[in-house]
$ cat protein_16.txt   # compact mmCIF, C-alpha atoms
# COMPACT_ATOMS: atom_id res chain seq x y z
CA MET M 294 0.00 0.00 0.00
CA VAL M 295 1.35 3.41 -0.86
CA LEU M 296 2.29 5.82 1.89
CA VAL M 297 -0.67 7.69 3.36
CA ARG M 298 0.52 11.02 1.95
CA ASP M 299 0.26 9.57 -1.57
CA MET M 300 -3.36 8.46 -1.24
CA PRO M 301 -6.38 10.24 -2.72
CA ALA M 302 -8.13 12.73 -0.45
CA VAL M 303 -11.01 10.71 0.97
CA GLY M 304 -9.02 7.62 1.91
CA ARG M 305 -6.11 9.70 3.16
CA GLY M 306 -8.41 11.74 5.39
CA PHE M 307 -9.97 8.64 6.90
CA ILE M 308 -6.70 6.84 7.56
CA GLU M 309 -5.06 9.96 9.00
CA ARG M 310 -7.90 10.27 11.52
CA LEU M 311 -7.63 6.69 12.79
CA GLU M 312 -6.37 6.59 16.35
CA PRO M 313 -3.70 3.90 16.79
CA PRO M 314 -3.88 1.86 20.01
CA ASP M 315 -1.56 2.96 22.76
CA ILE M 316 0.65 -0.06 23.47
CA LYS M 317 1.94 0.07 27.04
CA ASN M 318 4.20 -2.99 27.12
CA PHE M 319 6.42 -4.51 24.48
CA TYR M 320 6.67 -8.31 24.45
CA TRP M 321 9.17 -10.40 22.53
CA THR M 322 8.82 -14.16 22.37
CA LYS M 323 11.86 -16.03 21.19
CA PRO M 324 10.94 -17.98 18.04
CA SER M 325 11.22 -21.76 17.82
CA PRO M 326 13.75 -23.24 15.41
CA LYS M 327 12.66 -22.81 11.82
CA ASN M 328 11.79 -26.38 10.95
CA SER M 329 9.87 -27.09 14.12
CA ARG M 330 7.56 -24.08 14.00
CA LYS M 331 3.82 -24.73 14.08
CA VAL M 332 2.15 -21.87 12.27
CA ALA M 333 -1.39 -20.50 12.55
CA VAL M 334 -2.74 -17.70 10.39
CA ILE M 335 -4.70 -14.80 11.84
CA SER M 336 -6.57 -12.90 9.14
CA THR M 337 -8.59 -9.71 9.48
CA ALA M 338 -10.41 -10.32 6.18
CA ALA M 339 -13.65 -11.32 7.94
CA VAL M 340 -13.88 -14.53 5.96
CA SER M 341 -15.75 -17.48 7.36
CA LYS M 342 -17.01 -20.87 6.35
CA ARG M 343 -20.12 -20.81 4.19
CA GLY M 344 -23.07 -21.04 6.54
CA ASP M 345 -21.27 -19.48 9.52
CA ARG M 346 -22.82 -16.44 11.12
CA PRO M 347 -21.78 -13.30 9.18
CA PHE M 348 -19.50 -10.84 10.96
CA SER M 349 -21.33 -7.79 12.25
CA TRP M 350 -19.98 -4.43 11.06
CA LEU M 351 -17.82 -3.78 14.11
CA ALA M 352 -17.48 -7.38 15.24
CA ARG M 353 -15.19 -8.10 18.17
CA ASP M 354 -15.43 -11.85 17.78
CA HIS M 355 -13.69 -14.31 15.51
CA ARG M 356 -14.38 -17.31 13.29
CA VAL M 357 -12.40 -20.52 12.99
CA ILE M 358 -11.18 -21.79 9.62
CA GLY M 359 -10.01 -25.39 9.43
CA LYS M 360 -6.74 -26.21 7.72
CA ASN M 361 -8.62 -27.81 4.82
CA ASP M 362 -11.55 -25.38 4.58
CA ARG M 363 -11.66 -23.69 1.19
CA ASP M 364 -15.37 -22.91 0.76
CA LEU M 365 -15.34 -19.49 2.39
CA VAL M 366 -17.33 -16.29 2.12
CA MET M 367 -16.41 -12.77 3.14
CA THR M 368 -18.61 -10.46 5.22
CA HIS M 369 -16.17 -7.61 5.78
CA VAL M 370 -17.93 -4.28 6.22
CA ALA M 371 -15.48 -2.29 4.07
CA VAL M 372 -15.58 -2.17 0.30
CA GLU M 373 -12.45 -0.09 -0.16
CA TYR M 374 -10.19 -2.99 -1.04
CA ASP M 375 -9.99 -5.17 -4.09
CA ARG M 376 -12.02 -8.36 -3.74
CA THR M 377 -11.16 -9.78 -7.13
CA ALA M 378 -7.84 -11.16 -5.87
CA TRP M 379 -9.44 -13.59 -3.46
CA GLN M 380 -12.00 -14.48 -6.10
CA LEU M 381 -9.05 -15.55 -8.22
CA ASP M 382 -7.12 -17.33 -5.49
CA LEU M 383 -7.92 -17.80 -1.81
CA ASN M 384 -4.18 -17.96 -1.04
CA THR M 385 -3.91 -14.27 -1.89
CA ILE M 386 -5.52 -13.54 1.49
CA LEU M 387 -5.27 -16.85 3.38
CA PRO M 388 -2.13 -18.72 2.29
CA LEU M 389 -2.99 -22.15 3.67
CA ASP M 390 -1.86 -24.03 0.54
CA ARG M 391 1.44 -22.16 0.51
CA LEU M 392 2.11 -22.92 4.18
CA ASP M 393 1.23 -26.55 3.59
CA GLU M 394 3.77 -26.70 0.74
CA MET M 395 6.38 -25.05 2.94
CA ALA M 396 5.73 -27.61 5.69
CA LYS M 397 6.16 -30.46 3.19
CA ASP M 398 9.46 -28.87 2.11
CA ASN M 399 10.57 -28.57 5.77
CA GLU M 400 10.73 -24.77 5.55
CA ILE M 401 8.45 -24.72 8.59
CA GLY M 402 7.51 -27.47 11.00
CA SER M 403 3.79 -27.78 10.46
CA VAL M 404 0.56 -25.93 9.80
CA ALA M 405 -2.02 -25.63 12.57
CA GLU M 406 -5.34 -27.41 12.23
CA LYS M 407 -7.20 -24.19 13.06
CA HIS M 408 -6.81 -20.63 11.77
CA TYR M 409 -8.72 -17.55 12.86
CA THR M 410 -10.37 -14.57 11.23
CA PHE M 411 -11.45 -11.21 12.60
CA MET M 412 -13.24 -8.15 11.25
CA GLY M 413 -10.45 -5.77 10.37
CA ALA M 414 -12.67 -2.70 10.63
CA ALA M 415 -13.10 -3.17 14.36
CA ASP M 416 -10.89 -1.46 16.91
CA PRO M 417 -8.15 -3.90 18.00
CA ARG M 418 -8.65 -2.81 21.61
CA ASP M 419 -12.14 -4.31 21.40
CA MET M 420 -10.79 -7.61 20.09
CA GLU M 421 -8.63 -8.43 23.10
CA LYS M 422 -11.12 -10.80 24.75
CA SER M 423 -11.54 -12.71 21.52
CA ALA M 424 -7.79 -12.71 20.86
CA LEU M 425 -7.22 -14.27 24.28
CA GLU M 426 -9.76 -16.99 23.45
CA VAL M 427 -7.88 -17.63 20.21
CA SER M 428 -4.60 -17.76 22.14
CA SER M 429 -6.05 -20.41 24.40
CA GLU M 430 -7.14 -22.50 21.39
CA MET M 431 -3.75 -22.13 19.73
CA LYS M 432 -1.97 -23.24 22.89
CA LYS M 433 -4.13 -26.39 22.96
CA GLU M 434 -2.66 -27.46 19.63
CA ALA M 435 0.88 -26.27 20.44
CA VAL M 436 1.01 -23.44 17.92
CA ASP M 437 4.12 -21.33 18.54
CA THR M 438 4.20 -19.01 15.51
CA VAL M 439 1.42 -16.65 14.41
CA PHE M 440 1.33 -15.20 10.91
CA LEU M 441 -0.87 -12.10 10.87
CA VAL M 442 -2.33 -11.20 7.50
CA PRO M 443 -4.51 -8.13 6.94
CA VAL M 444 -6.70 -7.57 3.90
CA MET S 213 -3.61 -6.01 13.06
CA CYS S 214 -0.52 -4.49 14.72
CA GLY S 215 -2.43 -4.36 18.02
CA LEU S 216 -3.31 -8.05 17.70
CA ALA S 217 0.37 -8.86 17.20
CA HIS S 218 1.17 -7.38 20.62
CA ILE S 219 -1.63 -9.38 22.25
CA PHE S 220 -0.49 -12.69 20.75
CA GLU S 221 3.17 -11.99 21.50
CA SER S 222 2.22 -11.29 25.13
CA GLN S 223 0.63 -14.73 25.25
CA GLY S 224 3.87 -16.48 24.33
CA PHE S 225 3.58 -16.72 20.55
CA SER S 226 6.20 -15.44 18.11
CA THR S 227 4.31 -13.21 15.72
CA VAL S 228 5.13 -11.88 12.31
CA LEU S 229 2.82 -9.70 10.28
CA VAL S 230 2.61 -8.38 6.79
CA GLY S 231 1.04 -4.94 6.70
CA PHE S 232 -0.17 -2.17 4.44
CA VAL S 233 -0.22 1.11 6.38
CA LYS S 234 3.44 1.76 7.03
CA GLU S 235 2.80 4.85 9.14
CA HIS S 236 0.66 2.81 11.55
CA ILE S 237 3.22 0.01 11.77
CA GLU S 238 5.86 2.61 12.68
CA ILE S 239 3.68 3.98 15.48
CA ILE S 240 2.27 0.73 16.90
CA LYS S 241 5.57 -1.15 16.57
CA PRO S 242 4.54 -4.81 16.38
CA PRO S 243 7.46 -7.16 17.15
CA ARG S 244 8.09 -8.18 13.51
CA ALA S 245 6.50 -6.60 10.45
CA LEU S 246 6.98 -6.62 6.71
CA TRP S 247 5.55 -3.63 4.85
CA LEU S 248 3.92 -4.42 1.53
CA ASN S 249 3.55 -1.78 -1.14
CA PHE S 250 0.68 -3.73 -2.75
CA PRO S 251 -2.95 -2.87 -3.35
CA MET S 252 -5.14 -3.71 -0.36
CA GLY S 253 -7.05 -6.95 -0.75
CA ARG S 254 -4.01 -8.94 -1.88
CA PRO S 255 -1.56 -9.27 1.02
CA LEU S 256 0.16 -12.25 -0.61
CA GLY S 257 0.52 -10.18 -3.75
CA LYS S 258 -0.26 -12.11 -6.88
CA PRO S 259 -3.15 -14.53 -7.33
CA ASN S 260 -2.26 -17.96 -8.73
CA ASN S 261 1.44 -17.23 -8.37
CA PRO S 262 2.67 -19.62 -5.65
CA GLU S 263 6.31 -18.60 -5.97
CA PHE S 264 5.53 -14.90 -5.47
CA GLN S 265 3.28 -15.75 -2.53
CA LYS S 266 5.96 -17.91 -0.93
CA LYS S 267 8.51 -15.15 -1.44
CA VAL S 268 6.27 -12.87 0.66
CA ILE S 269 5.95 -15.54 3.37
CA ARG S 270 9.64 -16.41 3.36
CA THR S 271 10.65 -12.76 3.59
CA ALA S 272 8.23 -12.23 6.47
CA PHE S 273 9.40 -15.40 8.25
CA ASP S 274 13.03 -14.32 7.87
CA LEU S 275 12.17 -11.68 10.45
CA LEU S 276 11.76 -14.51 12.95
CA GLU S 277 15.55 -14.93 12.78
CA LYS S 278 16.13 -11.44 14.26
CA SER S 279 17.31 -11.46 17.84
CA SER S 280 15.49 -8.32 18.93
CA GLY S 281 12.79 -5.95 17.84
CA PRO S 282 10.60 -4.23 16.94
CA VAL S 283 11.70 -4.85 13.40
CA LEU S 284 10.09 -3.42 10.27
CA ASP S 285 11.35 -4.28 6.80
CA ASP S 286 10.05 -3.33 3.37
CA PHE S 287 9.24 -6.09 0.89
CA SER S 288 11.50 -5.62 -2.10
CA GLU S 289 8.83 -5.77 -4.81
CA ILE S 290 6.08 -3.24 -5.43
CA ILE S 291 2.75 -3.92 -7.09
CA PRO S 292 1.94 -0.49 -8.50
CA VAL S 293 -1.47 1.12 -8.21
CA ARG S 294 -3.16 3.90 -10.11
CA GLU S 295 -3.02 7.36 -8.52
CA GLY S 296 -2.39 6.03 -5.03
CA ARG S 297 -5.68 4.19 -4.76
CA MET S 298 -5.90 0.68 -3.43
CA SER S 299 -8.91 -0.38 -5.43
CA TYR S 300 -11.32 0.85 -8.09
CA ALA S 301 -13.11 4.10 -7.23
CA LEU S 302 -16.20 5.56 -8.84
CA PRO S 303 -15.68 8.87 -10.63
CA VAL S 304 -16.79 11.74 -8.41
CA SER S 305 -19.09 12.92 -11.19
CA LEU S 306 -21.00 9.64 -11.32
CA VAL S 307 -23.66 10.31 -8.72
CA TYR S 308 -27.39 10.05 -9.35
CA LYS S 309 -30.16 12.10 -7.85
CA VAL S 310 -33.44 10.36 -7.10
CA ASN S 311 -35.25 12.41 -9.77
CA GLN S 312 -32.82 11.09 -12.41
CA LEU S 313 -33.45 7.42 -11.80
CA GLY S 314 -36.37 6.70 -14.12
CA ASN S 315 -38.41 3.54 -13.90
CA ILE S 316 -36.77 1.14 -11.43
CA ASP S 317 -38.90 -1.83 -12.53
CA LYS S 318 -37.64 -1.45 -16.08
CA LEU S 319 -34.06 -1.09 -14.87
CA ALA S 320 -34.50 -4.21 -12.73
CA GLU S 321 -35.76 -6.12 -15.79
CA ARG S 322 -32.64 -5.12 -17.68
CA VAL S 323 -30.45 -6.27 -14.77
CA GLN S 324 -32.25 -9.62 -14.62
CA MET S 325 -31.70 -10.08 -18.35
CA GLU S 326 -28.04 -9.10 -18.04
CA LEU S 327 -27.60 -11.49 -15.12
CA SER S 328 -29.34 -14.32 -16.98
CA ASN S 329 -26.89 -13.86 -19.82
CA LEU S 330 -23.93 -14.10 -17.44
CA LEU S 331 -25.08 -17.11 -15.45
CA PRO S 332 -24.08 -19.89 -17.89
CA ASP S 333 -20.48 -18.65 -17.72
CA TYR S 334 -20.70 -18.12 -13.97
CA PHE S 335 -21.70 -21.77 -13.48
CA LYS S 336 -18.99 -22.90 -15.91
CA ALA S 337 -16.50 -20.93 -13.80
CA LEU S 338 -17.81 -22.53 -10.63
CA GLN S 339 -17.46 -25.98 -12.14
CA ASN S 340 -13.95 -25.37 -13.42
CA VAL S 341 -12.52 -23.29 -10.59
CA GLY S 342 -14.23 -25.37 -7.91
CA ARG S 343 -15.15 -22.51 -5.62
CA THR S 344 -17.10 -19.28 -5.55
CA THR S 345 -17.06 -16.36 -3.14
CA VAL S 346 -20.75 -15.72 -3.87
CA GLY S 347 -23.09 -16.69 -1.08
CA ALA S 348 -22.45 -14.53 1.98
CA SER S 349 -26.05 -13.33 1.76
CA GLU S 350 -27.40 -16.90 1.53
CA LEU S 351 -30.05 -15.66 -0.94
CA GLU S 352 -30.59 -17.45 -4.22
CA ILE S 353 -29.02 -15.59 -7.14
CA SER S 354 -32.49 -15.20 -8.65
CA ASP S 355 -33.57 -13.26 -5.56
CA PHE S 356 -30.72 -10.71 -5.63
CA VAL S 357 -32.28 -8.22 -8.05
CA PRO S 358 -35.83 -8.24 -6.63
CA PHE S 359 -34.44 -7.65 -3.12
CA ILE S 360 -32.11 -4.84 -4.18
CA SER S 361 -34.75 -3.22 -6.38
CA GLU S 362 -37.09 -2.72 -3.44
CA PHE S 363 -34.49 -0.45 -1.86
CA ALA S 364 -34.05 1.41 -5.16
CA LYS S 365 -37.80 2.07 -5.10
CA GLY S 366 -37.53 3.56 -1.62
CA ASN S 367 -38.94 0.53 0.19
CA LYS S 368 -37.37 -1.48 2.96
CA PRO S 369 -38.28 -5.11 2.38
CA LYS S 370 -38.52 -7.63 5.18
CA SER S 371 -35.33 -9.62 5.51
CA PRO S 372 -35.87 -13.18 4.33
CA ARG S 373 -32.91 -14.29 6.45
CA LYS S 374 -33.57 -15.04 10.10
CA GLY S 375 -31.29 -13.13 12.46
CA LEU S 376 -30.03 -10.68 9.86
CA PRO S 377 -31.92 -7.38 9.40
CA ALA S 378 -32.69 -6.09 5.92
CA ILE S 379 -29.98 -3.42 5.69
CA PRO S 380 -26.99 -5.60 6.65
CA LEU S 381 -28.44 -8.19 4.29
CA LEU S 382 -28.66 -5.59 1.52
CA LYS S 383 -24.91 -5.02 1.82
CA LEU S 384 -24.20 -8.73 1.46
CA VAL S 385 -26.58 -9.08 -1.50
CA VAL S 386 -24.91 -6.11 -3.23
CA GLU S 387 -21.51 -7.77 -2.74
CA ASP S 388 -22.83 -11.14 -3.92
CA LEU S 389 -24.28 -9.58 -7.07
CA ASN S 390 -20.99 -7.82 -7.75
CA ALA S 391 -19.10 -11.09 -7.22
CA VAL S 392 -21.29 -13.01 -9.69
CA TYR S 393 -20.40 -10.45 -12.33
CA THR S 394 -16.68 -10.21 -11.58
CA GLU S 395 -16.12 -13.94 -11.10
CA THR S 396 -17.77 -14.52 -14.46
CA ARG S 397 -15.62 -11.93 -16.26
CA ILE S 398 -12.46 -13.17 -14.53
CA TYR S 399 -13.15 -16.69 -15.73
CA LYS S 400 -14.43 -15.85 -19.19
CA ASP S 401 -11.85 -13.22 -20.15
CA LYS S 402 -8.93 -14.32 -17.91
CA ILE S 403 -8.71 -10.88 -16.30
CA ASP S 404 -6.77 -9.89 -13.19
CA ASP S 405 -7.29 -6.13 -13.30
CA PHE S 406 -9.45 -4.69 -10.54
CA GLU S 407 -9.55 -1.23 -12.11
CA MET S 408 -10.93 -2.65 -15.34
CA LEU S 409 -13.39 -4.97 -13.57
CA GLY S 410 -14.57 -2.13 -11.33
CA LYS S 411 -15.07 0.26 -14.22
CA TRP S 412 -16.97 -2.37 -16.16
CA PHE S 413 -19.28 -3.36 -13.31
CA TRP S 414 -19.98 0.06 -11.86
CA GLU S 415 -19.97 2.23 -14.97
CA GLU S 416 -21.04 -0.05 -17.78
CA THR S 417 -23.52 -2.62 -16.48
CA HIS S 418 -27.20 -2.24 -15.64
CA ALA S 419 -26.42 -3.86 -12.28
CA GLY S 420 -24.00 -1.02 -11.47
CA LYS S 421 -26.67 1.49 -12.38
CA LEU S 422 -29.20 -0.25 -10.13
CA LEU S 423 -26.77 -0.08 -7.22
CA LEU S 424 -26.09 3.59 -7.87
CA ALA S 425 -29.86 4.06 -7.77
CA VAL S 426 -29.90 2.38 -4.34
CA GLU S 427 -27.14 4.74 -3.26
CA ALA S 428 -29.10 7.78 -4.47
CA VAL S 429 -32.25 6.69 -2.67
CA SER S 430 -30.33 5.74 0.47
CA LEU S 431 -28.65 9.14 0.69
CA GLU S 432 -32.09 10.75 0.86
CA SER S 433 -33.65 8.07 3.04
CA ASN S 434 -35.26 8.71 6.40
CA ASP S 435 -33.62 5.53 7.61
CA GLN S 436 -30.50 6.63 9.45
CA VAL S 437 -28.62 3.34 9.01
CA LEU S 438 -29.29 3.23 5.28
CA ARG S 439 -28.27 6.86 4.91
CA GLN S 440 -25.12 6.25 6.91
CA ILE S 441 -23.90 3.19 5.02
CA ALA S 442 -24.41 4.99 1.71
CA SER S 443 -22.59 8.09 2.87
CA MET S 444 -19.76 5.99 4.32
CA SER S 445 -19.29 4.35 0.93
CA LEU S 446 -20.19 0.94 2.30
CA LEU S 447 -22.46 0.18 -0.66
CA THR S 448 -20.52 1.75 -3.49
CA PRO S 449 -16.75 2.09 -4.03
CA ARG S 450 -15.97 5.73 -3.34
CA PHE S 451 -13.33 5.37 -0.63
CA TRP S 452 -10.46 5.98 -3.06
CA SER S 453 -12.25 8.72 -5.00
CA GLU S 454 -10.66 12.11 -5.45
CA GLY S 455 -13.49 13.74 -3.56
CA PRO S 456 -16.42 12.83 -1.28
CA LEU S 457 -20.00 12.39 -2.36
CA PRO S 458 -21.56 15.82 -3.00
CA GLY S 459 -22.77 17.42 0.19
CA ILE S 460 -20.90 14.96 2.36
CA SER S 461 -17.70 15.56 4.24
CA GLY S 462 -14.85 13.12 3.81
CA SER S 463 -16.88 10.26 2.36
CA GLY S 464 -19.20 10.46 5.34
CA TRP S 465 -16.59 9.10 7.71
CA THR S 466 -16.41 12.27 9.78

$ encode --input "protein_16.txt" --output "structure tokens"
Amino acid sequence: MVLVRDMPAVGRGFIERLEPPDIKNFYWTKPSPKNSRKVAVISTAAVSKRGDRPFSWLARDHRVIGKNDRDLVMTHVAVEYDRTAWQLDLNTILPLDRLDEMAKDNEIGSVAEKHYTFMGAADPRDMEKSALEVSSEMKKEAVDTVFLVPV
Amino acid sequence: MCGLAHIFESQGFSTVLVGFVKEHIEIIKPPRALWLNFPMGRPLGKPNNPEFQKKVIRTAFDLLEKSSGPVLDDFSEIIPVREGRMSYALPVSLVYKVNQLGNIDKLAERVQMELSNLLPDYFKALQNVGRTTVGASELEISDFVPFISEFAKGNKPKSPRKGLPAIPLLKLVVEDLNAVYTETRIYKDKIDDFEMLGKWFWEETHAGKLLLAVEAVSLESNDQVLRQIASMSLLTPRFWSEGPLPGISGSGWT
């Protein structure tokens, strides 16, 4: 994405007015060795399995995507981003096939069984409760590496 | 997304993110971040290009080898956009007033005909590609135009979907209708050009005109939610326009 100063007026104005969260503490978790990492994807594209409850416009909750789920729909509130890319190829927003290939090639250890999606339009401060629930689920399956992918 | 990185890192996970708004990454300082100068909507860059996608992942995961942070790197490749915009944007001049709309029933008939002509290729695409993004609304495709048309006529139909009110459903039906059109063109003409697909759908099809009619009616509606989603460009793509909708400040986001 271009720098904010290079954006057209409407989008630039909106993004400039967004208030970033005030992060009080900085945490740093030492990564596992490369070929033993278990990776889960966190996406803010508000995609979910067909038939799941749609995300509300400022949803604070999350949906779970299984490692092999490919029949997904998107209920993101915003229309300011290109949706044709994910129509062409789901991996453009949720790279589960690519991670699977990398696991088979021993570039990473393994791919988690569960991945998680949020509504990117919501304030991250409001997502904390849900993020802690996701953390608990990821710990249950020994995920150690989280790949965060916006839309 | 940067805020979520801090939460997950605090819970004992090593996080790495790819991100679009560099200025926000610099302020929020997630532990490890790779800035992508790509259009929004395609964080892995290029559809159906596994090697490019893996290059993005590998470059991001290389940040996991750093011994301290926060660390922010730029991805070496740029996917250029037109005039700084991240997606297609309607021309500022293309705005209808309610008194310009004409007969909505006739327009709806033209949309139904146009849609009928597209559907054989849409279903061929579905069969060959093996997936569709259409369906968030859970309405049948044949019900899209009648439902949307009611709003264009100034009515607010009852939602046929339990648990989802009519206006949030309208948004999903609008996106489903758009996706039927674009998925069909992508398949039929082998296009990966969101500017071209956006211009075609919004400026050249009857469906685009019907949705602009819904926008016009919504902007003058007594229903606050409908008025708000139209003015916030949540029905029509105006976020990357050079100027806001007439009479509205900053795309309605202020």

$ closest_atom_pairs --input "protein_16.txt" --of "chain M" --to "chain S" --cutoff "6 Å" --atoms "only C-alpha atoms" --output "JSON lines"
{"residue": "M:Met294", "atom": "CA", "partner": "S:Asn249", "partner_atom": "CA", "distance": 4.1}
{"residue": "M:Val295", "atom": "CA", "partner": "S:Asn249", "partner_atom": "CA", "distance": 5.6}
{"residue": "M:Asp299", "atom": "CA", "partner": "S:Gly296", "partner_atom": "CA", "distance": 5.6}
{"residue": "M:Met300", "atom": "CA", "partner": "S:Gly296", "partner_atom": "CA", "distance": 4.6}
{"residue": "M:Pro301", "atom": "CA", "partner": "S:Glu454", "partner_atom": "CA", "distance": 5.4}
{"residue": "M:Ala302", "atom": "CA", "partner": "S:Glu454", "partner_atom": "CA", "distance": 5.6}
{"residue": "M:Val303", "atom": "CA", "partner": "S:Gly462", "partner_atom": "CA", "distance": 5.3}
{"residue": "M:Gly304", "atom": "CA", "partner": "S:Trp452", "partner_atom": "CA", "distance": 5.4}
{"residue": "M:Tyr320", "atom": "CA", "partner": "S:Ser222", "partner_atom": "CA", "distance": 5.4}
{"residue": "M:Thr322", "atom": "CA", "partner": "S:Ser226", "partner_atom": "CA", "distance": 5.2}
{"residue": "M:Pro324", "atom": "CA", "partner": "S:Ser226", "partner_atom": "CA", "distance": 5.4}
{"residue": "M:Val366", "atom": "CA", "partner": "S:Thr345", "partner_atom": "CA", "distance": 5.3}
{"residue": "M:Ala371", "atom": "CA", "partner": "S:Leu446", "partner_atom": "CA", "distance": 6.0}
{"residue": "M:Val372", "atom": "CA", "partner": "S:Leu446", "partner_atom": "CA", "distance": 5.9}
{"residue": "M:Glu373", "atom": "CA", "partner": "S:Phe451", "partner_atom": "CA", "distance": 5.6}
{"residue": "M:Tyr374", "atom": "CA", "partner": "S:Gly253", "partner_atom": "CA", "distance": 5.1}
{"residue": "M:Asp375", "atom": "CA", "partner": "S:Gly253", "partner_atom": "CA", "distance": 4.8}
{"residue": "M:Arg376", "atom": "CA", "partner": "S:Gly253", "partner_atom": "CA", "distance": 6.0}
{"residue": "M:Ala378", "atom": "CA", "partner": "S:Pro259", "partner_atom": "CA", "distance": 6.0}
{"residue": "M:Asp382", "atom": "CA", "partner": "S:Pro259", "partner_atom": "CA", "distance": 5.2}
{"residue": "M:Thr385", "atom": "CA", "partner": "S:Leu256", "partner_atom": "CA", "distance": 4.7}
{"residue": "M:Ile386", "atom": "CA", "partner": "S:Pro255", "partner_atom": "CA", "distance": 5.8}
{"residue": "M:Pro417", "atom": "CA", "partner": "S:Gly215", "partner_atom": "CA", "distance": 5.7}
{"residue": "M:Asp437", "atom": "CA", "partner": "S:Phe225", "partner_atom": "CA", "distance": 5.1}
{"residue": "M:Thr438", "atom": "CA", "partner": "S:Ser226", "partner_atom": "CA", "distance": 4.8}
{"residue": "M:Val439", "atom": "CA", "partner": "S:Thr227", "partner_atom": "CA", "distance": 4.7}
{"residue": "M:Phe440", "atom": "CA", "partner": "S:Val228", "partner_atom": "CA", "distance": 5.2}
{"residue": "M:Leu441", "atom": "CA", "partner": "S:Leu229", "partner_atom": "CA", "distance": 4.4}
{"residue": "M:Val442", "atom": "CA", "partner": "S:Val230", "partner_atom": "CA", "distance": 5.7}
{"residue": "M:Val444", "atom": "CA", "partner": "S:Gly253", "partner_atom": "CA", "distance": 4.7}

$ atom_distance --input "protein_16.txt" --atom1 "atom CA of Glu415 of chain S" --atom2 "atom CA of Pro377 of chain S"
28.8 Å

$ residues_around --input "protein_16.txt" --residues "segment 391-407 of chain M" --least-positions-apart "2" --cutoff "10 Å" --atoms "only C-alpha atoms" --output "PyMOL selection string"
(chain M and resi 325-335+356-362+384-385+387-389+409+427+430-431+434-439) or (chain S and resi 262-263+265-266+269-270+273)

$ atom_distance --input "protein_16.txt" --atom1 "atom CA of Trp350 of chain M" --atom2 "atom CA of Met367 of chain M"
12.0 Å

$ closest_residue --input "protein_16.txt" --among "S:Leu306, S:Ala378, S:Leu313, S:Leu284" --to "Thr271 of chain S" --atoms "all atoms listed in the file"
S:Leu284

$ atom_distance --input "protein_16.txt" --atom1 "atom CA of Trp379 of chain M" --atom2 "atom CA of Phe356 of chain S"
21.6 Å

$ closest_residue --input "protein_16.txt" --among "S:Leu302, S:Val323, S:Leu351, S:Ile379" --to "Asp435 of chain S" --atoms "all atoms listed in the file"
S:Ile379

$ decode --input "protein_16.txt" --residues "segment 400-411 of chain S" --atoms "N, CA and C atoms" --output "JSON list (two decimals), in the first residue's frame"
[["chain", "number", "residue", "atom", "x", "y", "z"],
["S", 400, "LYS", "N", -14.19, -15.86, -17.75],
["S", 400, "LYS", "CA", -14.43, -15.85, -19.19],
["S", 400, "LYS", "C", -13.31, -15.15, -19.95],
["S", 401, "ASP", "N", -12.83, -14.04, -19.41],
["S", 401, "ASP", "CA", -11.85, -13.22, -20.15],
["S", 401, "ASP", "C", -10.45, -13.27, -19.54],
["S", 402, "LYS", "N", -10.26, -14.14, -18.54],
["S", 402, "LYS", "CA", -8.93, -14.32, -17.91],
["S", 402, "LYS", "C", -8.33, -12.98, -17.47],
["S", 403, "ILE", "N", -9.11, -12.23, -16.72],
["S", 403, "ILE", "CA", -8.71, -10.88, -16.30],
["S", 403, "ILE", "C", -8.25, -10.90, -14.85],
["S", 404, "ASP", "N", -7.12, -10.24, -14.57],
["S", 404, "ASP", "CA", -6.77, -9.89, -13.19],
["S", 404, "ASP", "C", -6.44, -8.40, -13.19],
["S", 405, "ASP", "N", -7.47, -7.58, -13.21],
["S", 405, "ASP", "CA", -7.29, -6.13, -13.30],
["S", 405, "ASP", "C", -8.50, -5.49, -12.60],
["S", 406, "PHE", "N", -8.29, -5.16, -11.30],
["S", 406, "PHE", "CA", -9.45, -4.69, -10.54],
["S", 406, "PHE", "C", -9.97, -3.34, -11.02],
["S", 407, "GLU", "N", -9.08, -2.53, -11.58],
["S", 407, "GLU", "CA", -9.55, -1.23, -12.11],
["S", 407, "GLU", "C", -10.50, -1.47, -13.29],
["S", 408, "MET", "N", -10.12, -2.37, -14.16],
["S", 408, "MET", "CA", -10.93, -2.65, -15.34],
["S", 408, "MET", "C", -12.26, -3.33, -14.93],
["S", 409, "LEU", "N", -12.17, -4.28, -14.01],
["S", 409, "LEU", "CA", -13.39, -4.97, -13.57],
["S", 409, "LEU", "C", -14.33, -3.99, -12.84],
["S", 410, "GLY", "N", -13.74, -3.11, -12.03],
["S", 410, "GLY", "CA", -14.57, -2.13, -11.33],
["S", 410, "GLY", "C", -15.25, -1.17, -12.28],
["S", 411, "LYS", "N", -14.49, -0.69, -13.24],
["S", 411, "LYS", "CA", -15.07, 0.26, -14.22],
["S", 411, "LYS", "C", -16.19, -0.42, -14.99]]
